[in-house]
$ cat upload_9.cif   # mmCIF, C-alpha atoms
data_input
#
loop_
_atom_site.label_atom_id
_atom_site.label_comp_id
_atom_site.auth_asym_id
_atom_site.auth_seq_id
_atom_site.Cartn_x
_atom_site.Cartn_y
_atom_site.Cartn_z
CA MET Z 137 38.95 -0.70 -64.72
CA PRO Z 138 42.40 -1.99 -63.70
CA LEU Z 139 42.63 -1.37 -59.95
CA LEU Z 140 45.71 -1.69 -57.74
CA VAL Z 141 45.73 -1.25 -53.97
CA VAL Z 142 49.11 -0.50 -52.40
CA TYR Z 143 49.70 0.14 -48.71
CA ASN Z 144 52.84 1.06 -46.80
CA PRO Z 145 52.87 -0.88 -43.52
CA ALA Z 146 55.83 1.15 -42.18
CA ALA Z 147 54.39 4.63 -42.75
CA GLY Z 148 53.17 6.89 -39.96
CA ALA Z 149 51.69 4.99 -37.03
CA ARG Z 150 51.98 1.73 -39.01
CA THR Z 151 48.23 1.45 -39.57
CA GLY Z 152 48.40 0.77 -43.32
CA ALA Z 153 47.46 -2.90 -43.17
CA ARG Z 154 44.52 -2.31 -40.83
CA LEU Z 155 43.20 0.62 -42.86
CA THR Z 156 43.42 -1.40 -46.05
CA HIS Z 157 41.77 -4.61 -44.88
CA ASP Z 158 39.26 -3.19 -42.42
CA THR Z 159 38.02 -0.13 -44.33
CA VAL Z 160 39.32 0.26 -47.90
CA LEU Z 161 38.66 -3.23 -49.25
CA PRO Z 162 35.13 -3.47 -47.77
CA LEU Z 163 34.20 -0.11 -49.32
CA LEU Z 164 35.50 -1.18 -52.74
CA ALA Z 165 33.67 -4.50 -52.47
CA ALA Z 166 30.42 -2.75 -51.54
CA HIS Z 167 30.59 -0.85 -54.83
CA GLY Z 168 31.54 -3.84 -56.97
CA LEU Z 169 35.17 -2.78 -57.44
CA PRO Z 170 37.38 -5.71 -56.46
CA PRO Z 171 41.06 -4.83 -56.90
CA ASP Z 172 43.23 -6.80 -59.28
CA LEU Z 173 46.02 -6.81 -56.72
CA VAL Z 174 46.45 -5.82 -53.07
CA VAL Z 175 50.08 -5.52 -52.03
CA ALA Z 176 52.19 -4.07 -49.22
CA THR Z 177 55.43 -2.22 -49.88
CA GLU Z 178 58.48 -4.01 -48.53
CA ARG Z 179 61.30 -1.50 -48.95
CA PRO Z 180 62.05 2.03 -50.11
CA GLN Z 181 61.19 2.63 -53.79
CA HIS Z 182 59.07 -0.55 -53.88
CA SER Z 183 55.87 1.40 -54.51
CA GLY Z 184 57.25 2.80 -57.75
CA GLU Z 185 58.29 -0.67 -58.89
CA LEU Z 186 54.79 -2.01 -58.18
CA VAL Z 187 53.08 0.75 -60.15
CA LEU Z 188 55.45 0.46 -63.12
CA ALA Z 189 54.90 -3.31 -63.21
CA ALA Z 190 51.12 -2.84 -63.17
CA LEU Z 191 51.28 -0.24 -65.95
CA ALA Z 192 53.45 -2.54 -68.06
CA ARG Z 193 50.59 -5.05 -68.17
CA LEU Z 194 48.21 -2.49 -69.69
CA ALA Z 195 47.77 -1.01 -73.14
CA PRO Z 196 49.84 2.22 -73.49
CA ALA Z 197 46.93 4.64 -73.07
CA GLU Z 198 44.92 2.54 -70.61
CA PRO Z 199 44.67 4.25 -67.20
CA LEU Z 200 45.57 2.47 -63.99
CA THR Z 201 43.61 3.31 -60.85
CA LEU Z 202 45.66 3.18 -57.66
CA VAL Z 203 44.31 3.25 -54.12
CA LEU Z 204 47.35 4.29 -52.10
CA VAL Z 205 47.27 3.85 -48.32
CA SER Z 206 50.30 5.76 -47.16
CA GLY Z 207 51.77 9.21 -46.60
CA ASP Z 208 53.09 11.82 -48.97
CA GLY Z 209 56.48 10.12 -49.23
CA THR Z 210 55.13 7.04 -50.99
CA LEU Z 211 53.33 9.11 -53.61
CA HIS Z 212 56.60 11.02 -54.02
CA GLU Z 213 58.37 7.72 -54.74
CA ILE Z 214 55.79 6.77 -57.36
CA ALA Z 215 55.94 10.12 -59.16
CA ASN Z 216 59.72 9.94 -59.36
CA ALA Z 217 59.69 6.32 -60.54
CA LEU Z 218 57.34 7.25 -63.40
CA HIS Z 219 59.45 10.27 -64.28
CA ASP Z 220 62.71 8.31 -64.24
CA ALA Z 221 61.12 5.64 -66.46
CA ARG Z 222 59.75 8.36 -68.80
CA SER Z 223 56.34 6.77 -68.39
CA ALA Z 224 53.42 8.70 -69.89
CA ALA Z 225 50.85 6.10 -68.86
CA PRO Z 226 47.83 7.64 -67.07
CA LEU Z 227 47.67 6.97 -63.33
CA ARG Z 228 44.61 7.88 -61.24
CA VAL Z 229 45.23 7.93 -57.48
CA ALA Z 230 42.84 7.73 -54.53
CA LEU Z 231 44.93 8.63 -51.50
CA VAL Z 232 44.15 7.24 -48.04
CA PRO Z 233 46.12 8.99 -45.28
CA GLY Z 234 48.38 6.43 -43.68
CA GLY Z 235 51.47 8.57 -43.10
CA THR Z 236 52.61 11.03 -40.46
CA ALA Z 237 51.50 14.47 -41.65
CA ASN Z 238 49.41 13.51 -44.73
CA ALA Z 239 49.71 17.01 -46.19
CA LEU Z 240 48.22 16.29 -49.60
CA HIS Z 241 45.15 14.43 -48.29
CA ALA Z 242 44.51 17.09 -45.64
CA SER Z 243 44.73 19.80 -48.30
CA LEU Z 244 42.40 18.00 -50.71
CA PHE Z 245 39.98 17.04 -47.94
CA PRO Z 246 40.36 19.55 -45.08
CA PRO Z 247 39.39 18.42 -41.59
CA PRO Z 248 37.02 16.98 -40.55
CA ALA Z 249 36.88 14.90 -43.78
CA ASP Z 250 37.23 11.16 -43.17
CA ALA Z 251 40.14 9.02 -44.27
CA LEU Z 252 38.14 7.36 -47.06
CA ALA Z 253 37.07 10.60 -48.77
CA ALA Z 254 39.18 9.97 -51.88
CA VAL Z 255 38.01 6.36 -52.16
CA ARG Z 256 34.41 7.55 -51.89
CA ALA Z 257 35.11 10.00 -54.73
CA LEU Z 258 36.47 7.11 -56.79
CA VAL Z 259 33.57 4.72 -56.19
CA THR Z 260 30.95 7.42 -56.88
CA GLY Z 261 32.45 8.27 -60.25
CA ALA Z 262 34.03 11.65 -59.47
CA ALA Z 263 36.64 12.93 -61.89
CA ALA Z 264 40.28 12.93 -60.88
CA VAL Z 265 42.18 16.23 -61.18
CA PRO Z 266 45.73 16.60 -62.54
CA LEU Z 267 48.50 16.63 -59.97
CA ALA Z 268 51.01 19.47 -60.43
CA LEU Z 269 54.66 18.56 -60.03
CA ALA Z 270 57.77 20.62 -59.34
CA HIS Z 271 61.12 19.53 -60.78
CA THR Z 272 64.10 20.44 -58.62
CA ARG Z 273 67.73 20.04 -59.64
CA VAL Z 274 70.81 20.34 -57.45
CA LEU Z 275 73.57 21.78 -59.61
CA PRO Z 276 77.31 21.65 -58.91
CA PRO Z 277 79.57 24.69 -59.29
CA GLY Z 278 80.97 25.48 -62.71
CA ALA Z 279 80.78 27.84 -65.65
CA ASP Z 280 78.91 25.37 -67.83
CA PRO Z 281 75.43 26.88 -68.36
CA ALA Z 282 73.87 23.42 -68.07
CA PRO Z 283 75.99 21.28 -65.71
CA GLU Z 284 74.91 17.74 -64.93
CA PRO Z 285 72.83 17.86 -61.72
CA THR Z 286 74.02 15.95 -58.67
CA ALA Z 287 70.34 15.28 -57.87
CA SER Z 288 67.07 15.62 -59.78
CA VAL Z 289 63.74 15.11 -58.06
CA LEU Z 290 60.01 15.71 -58.46
CA SER Z 291 57.84 17.05 -55.64
CA ALA Z 292 54.06 16.94 -55.28
CA VAL Z 293 53.83 18.72 -51.92
CA VAL Z 294 56.78 20.81 -50.77
CA THR Z 295 60.33 21.80 -51.63
CA SER Z 296 62.24 23.72 -48.98
CA THR Z 297 65.53 24.88 -47.55
CA ALA Z 298 66.37 26.79 -44.34
CA LEU Z 299 64.35 25.92 -41.21
CA HIS Z 300 61.92 23.46 -42.80
CA ALA Z 301 64.69 21.42 -44.43
CA SER Z 302 66.69 21.42 -41.18
CA ILE Z 303 63.65 20.20 -39.26
CA LEU Z 304 63.08 17.33 -41.71
CA HIS Z 305 66.78 16.48 -41.67
CA ASP Z 306 67.10 16.44 -37.88
CA SER Z 307 63.74 14.77 -37.25
CA GLU Z 308 64.89 11.57 -38.97
CA ALA Z 309 67.13 10.83 -35.99
CA LEU Z 310 64.00 10.99 -33.82
CA ARG Z 311 61.73 8.83 -36.01
CA ALA Z 312 62.20 5.57 -34.08
CA SER Z 313 61.69 7.09 -30.63
CA VAL Z 314 59.08 9.72 -31.58
CA PRO Z 315 57.10 8.34 -34.56
CA GLY Z 316 54.40 11.05 -34.66
CA ILE Z 317 54.49 14.71 -35.61
CA GLU Z 318 55.89 15.61 -32.18
CA ARG Z 319 59.37 14.84 -33.52
CA PHE Z 320 59.10 17.77 -35.92
CA LYS Z 321 58.49 20.14 -33.00
CA LEU Z 322 61.54 18.77 -31.20
CA ALA Z 323 63.67 19.22 -34.31
CA ALA Z 324 62.33 22.76 -34.71
CA ALA Z 325 63.52 23.64 -31.22
CA GLN Z 326 67.03 22.45 -32.13
CA ASN Z 327 67.14 24.96 -35.01
CA ALA Z 328 65.28 27.82 -33.37
CA THR Z 329 67.96 30.51 -33.70
CA THR Z 330 69.62 29.40 -36.94
CA TRP Z 331 69.70 31.80 -39.90
CA TYR Z 332 70.64 30.58 -43.36
CA ARG Z 333 72.96 32.60 -45.58
CA ALA Z 334 71.84 32.37 -49.18
CA ARG Z 335 70.25 34.38 -51.95
CA VAL Z 336 67.18 33.58 -54.00
CA ARG Z 337 66.06 34.32 -57.55
CA LEU Z 338 62.34 34.20 -58.37
CA LEU Z 339 61.60 32.94 -61.89
CA GLY Z 340 58.84 33.20 -64.48
CA SER Z 341 57.04 35.89 -66.45
CA SER Z 342 53.93 35.54 -64.29
CA ALA Z 343 55.76 35.90 -60.94
CA SER Z 344 53.75 37.86 -58.39
CA ARG Z 345 53.78 38.92 -54.74
CA TYR Z 346 50.88 38.78 -52.30
CA ASP Z 347 49.89 42.20 -50.99
CA PRO Z 348 47.97 41.89 -47.69
CA ALA Z 349 46.63 45.44 -48.00
CA SER Z 350 44.75 44.69 -51.23
CA ASP Z 351 44.38 40.97 -50.48
CA ALA Z 352 45.62 40.21 -54.00
CA PHE Z 353 48.70 39.11 -55.90
CA VAL Z 354 50.53 41.90 -57.72
CA PRO Z 355 53.05 41.33 -60.56
CA LEU Z 356 56.76 41.50 -59.82
CA ALA Z 357 59.11 43.60 -61.90
CA GLY Z 358 60.75 42.06 -64.96
CA GLU Z 359 63.57 39.52 -65.10
CA GLY Z 360 66.81 40.87 -63.69
CA GLU Z 361 65.08 43.48 -61.54
CA GLY Z 362 65.89 43.75 -57.83
CA GLU Z 363 62.40 42.70 -56.76
CA ARG Z 364 63.13 39.18 -58.01
CA GLU Z 365 66.44 38.90 -56.14
CA LEU Z 366 66.08 38.15 -52.43
CA ALA Z 367 69.19 38.69 -50.30
CA GLY Z 368 69.62 36.61 -47.15
CA PRO Z 369 69.92 35.62 -44.48
CA PHE Z 370 66.73 33.56 -44.33
CA ALA Z 371 64.99 32.07 -41.33
CA TYR Z 372 62.42 30.27 -43.49
CA PHE Z 373 62.09 29.36 -47.16
CA LEU Z 374 59.47 26.97 -48.52
CA ALA Z 375 57.69 26.31 -51.82
CA ALA Z 376 54.29 24.57 -51.69
CA ILE Z 377 52.54 22.89 -54.61
CA ASN Z 378 49.05 21.32 -54.56
CA VAL Z 379 48.76 21.93 -50.81
CA ASP Z 380 47.74 24.68 -48.43
CA ARG Z 381 48.92 22.81 -45.32
CA LEU Z 382 51.72 20.49 -44.22
CA GLU Z 383 49.63 18.72 -41.59
CA PRO Z 384 45.88 18.90 -40.95
CA ALA Z 385 45.96 22.05 -38.79
CA PHE Z 386 49.13 23.73 -40.15
CA ARG Z 387 48.03 25.95 -43.09
CA ILE Z 388 51.41 27.28 -44.15
CA ALA Z 389 50.30 28.25 -47.71
CA PRO Z 390 46.65 29.26 -47.20
CA LEU Z 391 46.43 31.22 -50.45
CA GLN Z 392 46.63 27.96 -52.38
CA ARG Z 393 42.99 27.48 -51.34
CA SER Z 394 41.68 31.00 -50.67
CA HIS Z 395 43.36 32.53 -53.79
CA PRO Z 396 43.92 29.44 -55.96
CA PRO Z 397 46.10 29.53 -59.07
CA ALA Z 398 44.30 29.51 -62.41
CA PRO Z 399 43.51 25.99 -63.68
CA GLY Z 400 46.58 24.59 -65.39
CA ALA Z 401 48.88 27.34 -64.10
CA ARG Z 402 52.50 26.26 -63.73
CA THR Z 403 53.11 27.97 -60.40
CA THR Z 404 54.22 27.26 -56.87
CA ASP Z 405 53.64 29.35 -53.75
CA VAL Z 406 56.91 30.49 -52.14
CA LEU Z 407 57.10 31.75 -48.56
CA ALA Z 408 60.18 33.45 -47.14
CA VAL Z 409 61.09 35.04 -43.81
CA ARG Z 410 64.19 37.26 -43.79
CA PRO Z 411 65.11 38.46 -40.29
CA LEU Z 412 67.04 41.57 -41.30
CA ARG Z 413 63.81 43.07 -42.67
CA ASP Z 414 62.76 43.48 -39.02
CA PRO Z 415 63.38 47.12 -38.03
CA ALA Z 416 63.64 46.10 -34.38
CA LEU Z 417 66.94 44.30 -35.06
CA GLY Z 418 68.61 47.36 -36.56
CA GLY Z 419 70.57 45.18 -38.98
CA ARG Z 420 72.12 43.08 -36.18
CA ALA Z 421 72.74 39.36 -36.66
CA ASP Z 422 74.42 38.53 -33.36
CA GLU Z 423 73.30 35.90 -30.86
CA ASP Z 424 71.02 38.31 -28.99
CA ALA Z 425 69.34 39.37 -32.24
CA ARG Z 426 68.78 35.76 -33.24
CA GLY Z 427 67.30 34.96 -29.86
CA ALA Z 428 64.95 37.93 -30.07
CA PHE Z 429 63.89 37.05 -33.60
CA LYS Z 430 63.21 33.44 -32.59
CA GLU Z 431 60.28 34.61 -30.48
CA ARG Z 432 58.88 36.61 -33.40
CA LEU Z 433 59.37 33.71 -35.83
CA TRP Z 434 57.60 31.18 -33.59
CA GLY Z 435 54.79 33.62 -32.96
CA VAL Z 436 54.32 34.32 -36.66
CA LEU Z 437 54.60 30.73 -37.87
CA GLY Z 438 52.21 29.76 -35.09
CA GLY Z 439 49.66 31.68 -37.14
CA ALA Z 440 49.71 28.78 -39.59
CA TYR Z 441 47.81 26.88 -36.88
CA GLU Z 442 45.28 29.74 -36.81
CA ASP Z 443 43.92 29.20 -40.31
CA GLY Z 444 46.93 30.82 -41.99
CA ALA Z 445 46.97 34.06 -39.99
CA HIS Z 446 50.77 34.34 -40.41
CA VAL Z 447 50.42 35.82 -43.92
CA ARG Z 448 48.88 38.93 -42.36
CA ALA Z 449 51.58 39.48 -39.69
CA ARG Z 450 53.60 42.68 -40.05
CA TYR Z 451 56.72 44.23 -38.60
CA ALA Z 452 56.48 47.55 -36.80
CA PRO Z 453 56.46 50.38 -39.35
CA ARG Z 454 59.68 52.19 -40.14
CA GLU Z 455 59.82 55.94 -39.86
CA GLY Z 456 57.49 57.44 -42.45
CA GLU Z 457 55.57 54.21 -43.02
CA ALA Z 458 51.88 53.94 -42.24
CA VAL Z 459 52.09 50.16 -41.81
CA GLY Z 460 54.99 47.78 -41.45
CA ALA Z 461 56.18 45.29 -44.04
CA PRO Z 462 54.82 41.72 -44.00
CA VAL Z 463 56.91 39.34 -41.88
CA VAL Z 464 56.17 36.49 -44.30
CA GLU Z 465 56.92 37.34 -47.92
CA TYR Z 466 54.49 35.33 -50.07
CA PHE Z 467 55.15 34.87 -53.79
CA ARG Z 468 53.54 32.90 -56.62
CA VAL Z 469 56.17 31.96 -59.18
CA GLU Z 470 56.99 29.48 -61.93
CA GLY Z 471 60.30 28.59 -60.31
CA TRP Z 472 63.15 29.72 -58.09
CA GLU Z 473 66.87 29.38 -57.44
CA TRP Z 474 68.53 28.99 -54.04
CA ILE Z 475 72.24 29.88 -53.95
CA PRO Z 476 73.75 29.15 -50.51
CA GLU Z 477 76.94 30.73 -49.23
CA GLU Z 478 79.75 28.17 -49.34
CA ASP Z 479 80.65 28.28 -45.63
CA ASP Z 480 77.08 27.80 -44.32
CA ASP Z 481 76.57 24.05 -44.08
CA LYS Z 482 72.96 24.25 -42.91
CA ALA Z 483 72.05 26.40 -45.92
CA HIS Z 484 73.11 23.48 -48.15
CA LEU Z 485 70.19 21.27 -47.07
CA LEU Z 486 67.27 20.75 -49.47
CA CYS Z 487 64.01 18.96 -48.68
CA ALA Z 488 61.77 17.56 -51.42
CA ASP Z 489 58.59 15.93 -50.06
CA GLY Z 490 60.52 14.83 -46.98
CA THR Z 491 63.61 13.52 -48.78
CA ILE Z 492 66.81 15.37 -47.90
CA PHE Z 493 69.50 16.34 -50.39
CA HIS Z 494 72.83 18.13 -49.91
CA VAL Z 495 73.87 20.98 -52.19
CA PRO Z 496 77.58 20.82 -53.08
CA LYS Z 497 79.82 23.71 -52.07
CA GLY Z 498 79.55 26.43 -54.70
CA GLY Z 499 76.42 24.80 -56.14
CA LYS Z 500 72.80 25.85 -56.19
CA VAL Z 501 69.20 24.60 -56.36
CA VAL Z 502 66.96 25.28 -59.37
CA SER Z 503 63.27 24.40 -59.10
CA ALA Z 504 60.46 24.83 -61.64
CA VAL Z 505 56.88 23.63 -62.05
CA LEU Z 506 56.61 21.25 -64.98
CA GLY Z 507 54.31 21.43 -68.00
CA GLN Z 508 53.22 18.71 -70.39
CA ALA Z 509 56.16 19.42 -72.71
CA ASP Z 510 58.51 18.49 -69.87
CA HIS Z 511 57.58 14.78 -69.88
CA VAL Z 512 55.53 15.06 -66.70
CA PRO Z 513 54.06 11.82 -65.41
CA ASP Z 514 50.33 11.73 -66.14
CA ILE Z 515 49.09 11.56 -62.56
CA SER Z 516 45.63 12.66 -61.48
CA ILE Z 517 44.19 12.47 -58.01
CA TYR Z 518 40.67 12.05 -56.67
CA ALA Z 519 39.67 15.19 -54.79
#
$ encode --input "upload_9.cif" --output "structure tokens"
Amino acid sequence: MPLLVVYNPAAGARTGARLTHDTVLPLLAAHGLPPDLVVATERPQHSGELVLAALARLAPAEPLTLVLVSGDGTLHEIANALHDARSAAPLRVALVPGGTANALHASLFPPPADALAAVRALVTGAAAVPLALAHTRVLPPGADPAPEPTASVLSAVVTSTALHASILHDSEALRASVPGIERFKLAAAQNATTWYRARVRLLGSSASRYDPASDAFVPLAGEGEGERELAGPFAYFLAAINVDRLEPAFRIAPLQRSHPPAPGARTTDVLAVRPLRDPALGGRADEDARGAFKERLWGVLGGAYEDGAHVRARYAPREGEAVGAPVVEYFRVEGWEWIPEEDDDKAHLLCADGTIFHVPKGGKVVSAVLGQADHVPDISIYA
């Protein structure tokens, strides 16, 4: 079995080298699995180069097993390198959490699982499961029905705009001084009262909406119907794939685990918060309204730290309603479009697995979960 061990010494708390040499390699040796190569990444995109070089030495259908000691960003680099190279070679990944938030590992092995859980699955002969991937394109303005994208990227964890993208964007300036997850909280505070002017289209024949009353997903109306068109402004917009959490205790998409998609389903879970759905604001979007809604937003999103309780939060009922509408709108879709208003700069930020992109004025974002016909990299992960 060709076996490659790659670690990112710069990720997270910079523990990659220690984790690899003190824990990973001894465990592999104890099970008679010496790696063919152990190598540290030296620069951005290096991990993808290393994997492509290892695959090039194998027969076309021969799988490569990769033990990856890093965070979600390094796996993101590898998936995109394989996609850009149009590689269909099978890659089996055992992920060891060496990054900051380690969303994918924490979702596959919820706390209190140990850091070597995926490697233990590998050495005991467990089967790897396919990794779903979302393909997101940033399209420029224009009448052409298929303009050349200004950016094209795969995601294995999260694609977002609005607050989450702003947090990731602003937190980069804090990385050197605040290397842990605390920097995300500081960046969140900087964007606490920002609303993002955009509209969203939800895509796919199987698109559905979570109904807290029945604790089930219910189908949305057909294409072109109003239920699939979400008018802004937005306080929060995020699409999760493969994960129910973005850090070990933050279960932002809990239905990924409690109400999992059908095996092989090409879907992503989309969460949106639109402030003007709050009856208490009376349609106001002034500074006072934004300040008042900030307290509600933090309180609701704080429910993600309470085992995903935010998906059950409701507004006060309107006149004639028995119960209020959900604060967090939760959808399961095959894809989505984000169309920001031209004069809202913050609404033009896009985050894909932690990498930030800028949407051109008049442009939009189109994201869809890939299927095998879409030349998806053949990546499976030990879970």
$ residues_around --input "upload_9.cif" --residues "Leu310 of chain Z" --least-positions-apart "6" --cutoff "12 Å" --atoms "only C-alpha atoms" --output "CSV table (one decimal) with C-alpha atoms, in the coordinates of the input"
chain,number,residue,atom,x,y,z
Z,303,ILE,CA,63.6,20.2,-39.3
Z,304,LEU,CA,63.1,17.3,-41.7
Z,316,GLY,CA,54.4,11.0,-34.7
Z,317,ILE,CA,54.5,14.7,-35.6
Z,318,GLU,CA,55.9,15.6,-32.2
Z,319,ARG,CA,59.4,14.8,-33.5
Z,320,PHE,CA,59.1,17.8,-35.9
Z,321,LYS,CA,58.5,20.1,-33.0
Z,322,LEU,CA,61.5,18.8,-31.2
Z,323,ALA,CA,63.7,19.2,-34.3
Z,324,ALA,CA,62.3,22.8,-34.7
Z,326,GLN,CA,67.0,22.4,-32.1
$ resolve_selection --input "upload_9.cif" --expression "the PyMOL selection byres ((chain Z and resi 218) around 9)" --output "list of chain:residue names"
Z:Gly184, Z:Val187, Z:Leu188, Z:Glu213, Z:Ile214, Z:Ala215, Z:Asn216, Z:Ala217, Z:His219, Z:Asp220, Z:Ala221, Z:Arg222, Z:Ser223, Z:Ala224, Z:Ala225, Z:Val512, Z:Pro513, Z:Asp514
$ closest_residue --input "upload_9.cif" --among "Z:Ser183, Z:Asn144, Z:Thr156, Z:Thr297" --to "Glu473 of chain Z" --atoms "all atoms listed in the file"
Z:Thr297
$ atom_distance --input "upload_9.cif" --atom1 "atom CA of Val314 of chain Z" --atom2 "atom CA of Gly490 of chain Z"
16.3 Å
$ atom_distance --input "upload_9.cif" --atom1 "atom CA of Phe245 of chain Z" --atom2 "atom CA of Pro397 of chain Z"
17.8 Å
$ residues_around --input "upload_9.cif" --residues "Ala461 of chain Z" --least-positions-apart "3" --cutoff "10 Å" --atoms "all atoms listed in the file" --output "list in words"
Asp347, Pro348, Arg413, Asp414, Pro415, Arg448, Ala449, Arg450, Tyr451, Ala452, Pro453, Arg454, Glu457, Ala458, Val464 and Glu465 of chain Z
$ resolve_selection --input "upload_9.cif" --expression "the PyMOL selection byres ((chain Z and resi 285) around 12)" --output "list in words"
His271, Thr272, Arg273, Val274, Leu275, Pro276, Pro277, Gly278, Asp280, Pro281, Ala282, Pro283, Glu284, Thr286, Ala287, Ser288, Val289, Phe493, His494, Val495, Pro496, Gly499, Lys500, Val501, Val502 and Ser503 of chain Z
$ residues_around --input "upload_9.cif" --residues "Val379 of chain Z" --least-positions-apart "3" --cutoff "8 Å" --atoms "all atoms listed in the file" --output "MDAnalysis selection string"
chainID Z and resid 239:240 243:244 293 376 382 389 392
$ write_last_selection --input "upload_9.cif" --atoms "C-alpha atoms" --output "PDB file, keeping the file's coordinate frame"
ATOM      1  CA  ALA Z 239      49.710  17.010 -46.190  1.00  0.00           C
ATOM      2  CA  LEU Z 240      48.220  16.290 -49.600  1.00  0.00           C
ATOM      3  CA  SER Z 243      44.730  19.800 -48.300  1.00  0.00           C
ATOM      4  CA  LEU Z 244      42.400  18.000 -50.710  1.00  0.00           C
ATOM      5  CA  VAL Z 293      53.830  18.720 -51.920  1.00  0.00           C
ATOM      6  CA  ALA Z 376      54.290  24.570 -51.690  1.00  0.00           C
ATOM      7  CA  LEU Z 382      51.720  20.490 -44.220  1.00  0.00           C
ATOM      8  CA  ALA Z 389      50.300  28.250 -47.710  1.00  0.00           C
ATOM      9  CA  GLN Z 392      46.630  27.960 -52.380  1.00  0.00           C
TER      10      GLN Z 392
END
$ axis_aligned_box --input "upload_9.cif" --around "segment 360-379 of chain Z" --padding-each-side "5 Å" --output "lines of an AutoDock Vina configuration file"
center_x = 59.3
center_y = 32.5
center_z = -52.5
size_x = 31.2
size_y = 32.4
size_z = 32.4
$ closest_residue --input "upload_9.cif" --among "Z:Leu140, Z:Leu267, Z:Ala328, Z:Ala242" --to "Glu431 of chain Z" --atoms "only C-alpha atoms"
Z:Ala328
$ atom_distance --input "upload_9.cif" --atom1 "atom CA of Ala270 of chain Z" --atom2 "atom CA of Val294 of chain Z"
8.6 Å
$ resolve_selection --input "upload_9.cif" --expression "the PyMOL selection byres ((chain Z and resi 160-162) around 9)" --output "count of residues only"
19
$ residues_around --input "upload_9.cif" --residues "Leu139 of chain Z" --least-positions-apart "5" --cutoff "7 Å" --atoms "all atoms listed in the file" --output "short mmCIF file (atom, residue, chain, number, x, y, z; two decimals) with C-alpha atoms, in the frame of the given file"
data_model
loop_
_atom_site.label_atom_id
_atom_site.label_comp_id
_atom_site.auth_asym_id
_atom_site.auth_seq_id
_atom_site.Cartn_x
_atom_site.Cartn_y
_atom_site.Cartn_z
CA PRO Z 171 41.06 -4.83 -56.90
CA ASP Z 172 43.23 -6.80 -59.28
CA LEU Z 200 45.57 2.47 -63.99
CA THR Z 201 43.61 3.31 -60.85
CA LEU Z 202 45.66 3.18 -57.66
#
$ closest_residue --input "upload_9.cif" --among "Z:Ala408, Z:Val336, Z:Trp331, Z:Pro233" --to "Asp481 of chain Z" --atoms "only C-alpha atoms"
Z:Trp331
$ closest_residue --input "upload_9.cif" --among "Z:His305, Z:Arg154, Z:Arg381, Z:Arg402" --to "Pro247 of chain Z" --atoms "only C-alpha atoms"
Z:Arg381
$ residues_near_point --input "upload_9.cif" --point "(66.1, 24.5, -47.6)" --cutoff "7 Å" --atoms "only C-alpha atoms" --output "list of chain:residue names"
Z:Ser296, Z:Thr297, Z:Ala298, Z:Leu299, Z:His300, Z:Ala301, Z:Phe373, Z:Ala483, Z:Leu485, Z:Leu486, Z:Cys487
$ write_last_selection --input "upload_9.cif" --atoms "C-alpha atoms" --output "PDB file, in the coordinates of the input"
ATOM      1  CA  SER Z 296      62.240  23.720 -48.980  1.00  0.00           C
ATOM      2  CA  THR Z 297      65.530  24.880 -47.550  1.00  0.00           C
ATOM      3  CA  ALA Z 298      66.370  26.790 -44.340  1.00  0.00           C
ATOM      4  CA  LEU Z 299      64.350  25.920 -41.210  1.00  0.00           C
ATOM      5  CA  HIS Z 300      61.920  23.460 -42.800  1.00  0.00           C
ATOM      6  CA  ALA Z 301      64.690  21.420 -44.430  1.00  0.00           C
ATOM      7  CA  PHE Z 373      62.090  29.360 -47.160  1.00  0.00           C
ATOM      8  CA  ALA Z 483      72.050  26.400 -45.920  1.00  0.00           C
ATOM      9  CA  LEU Z 485      70.190  21.270 -47.070  1.00  0.00           C
ATOM     10  CA  LEU Z 486      67.270  20.750 -49.470  1.00  0.00           C
ATOM     11  CA  CYS Z 487      64.010  18.960 -48.680  1.00  0.00           C
TER      12      CYS Z 487
END
$ closest_residue --input "upload_9.cif" --among "Z:Pro396, Z:Pro369, Z:Pro384, Z:Pro411" --to "Pro476 of chain Z" --atoms "only C-alpha atoms"
Z:Pro369
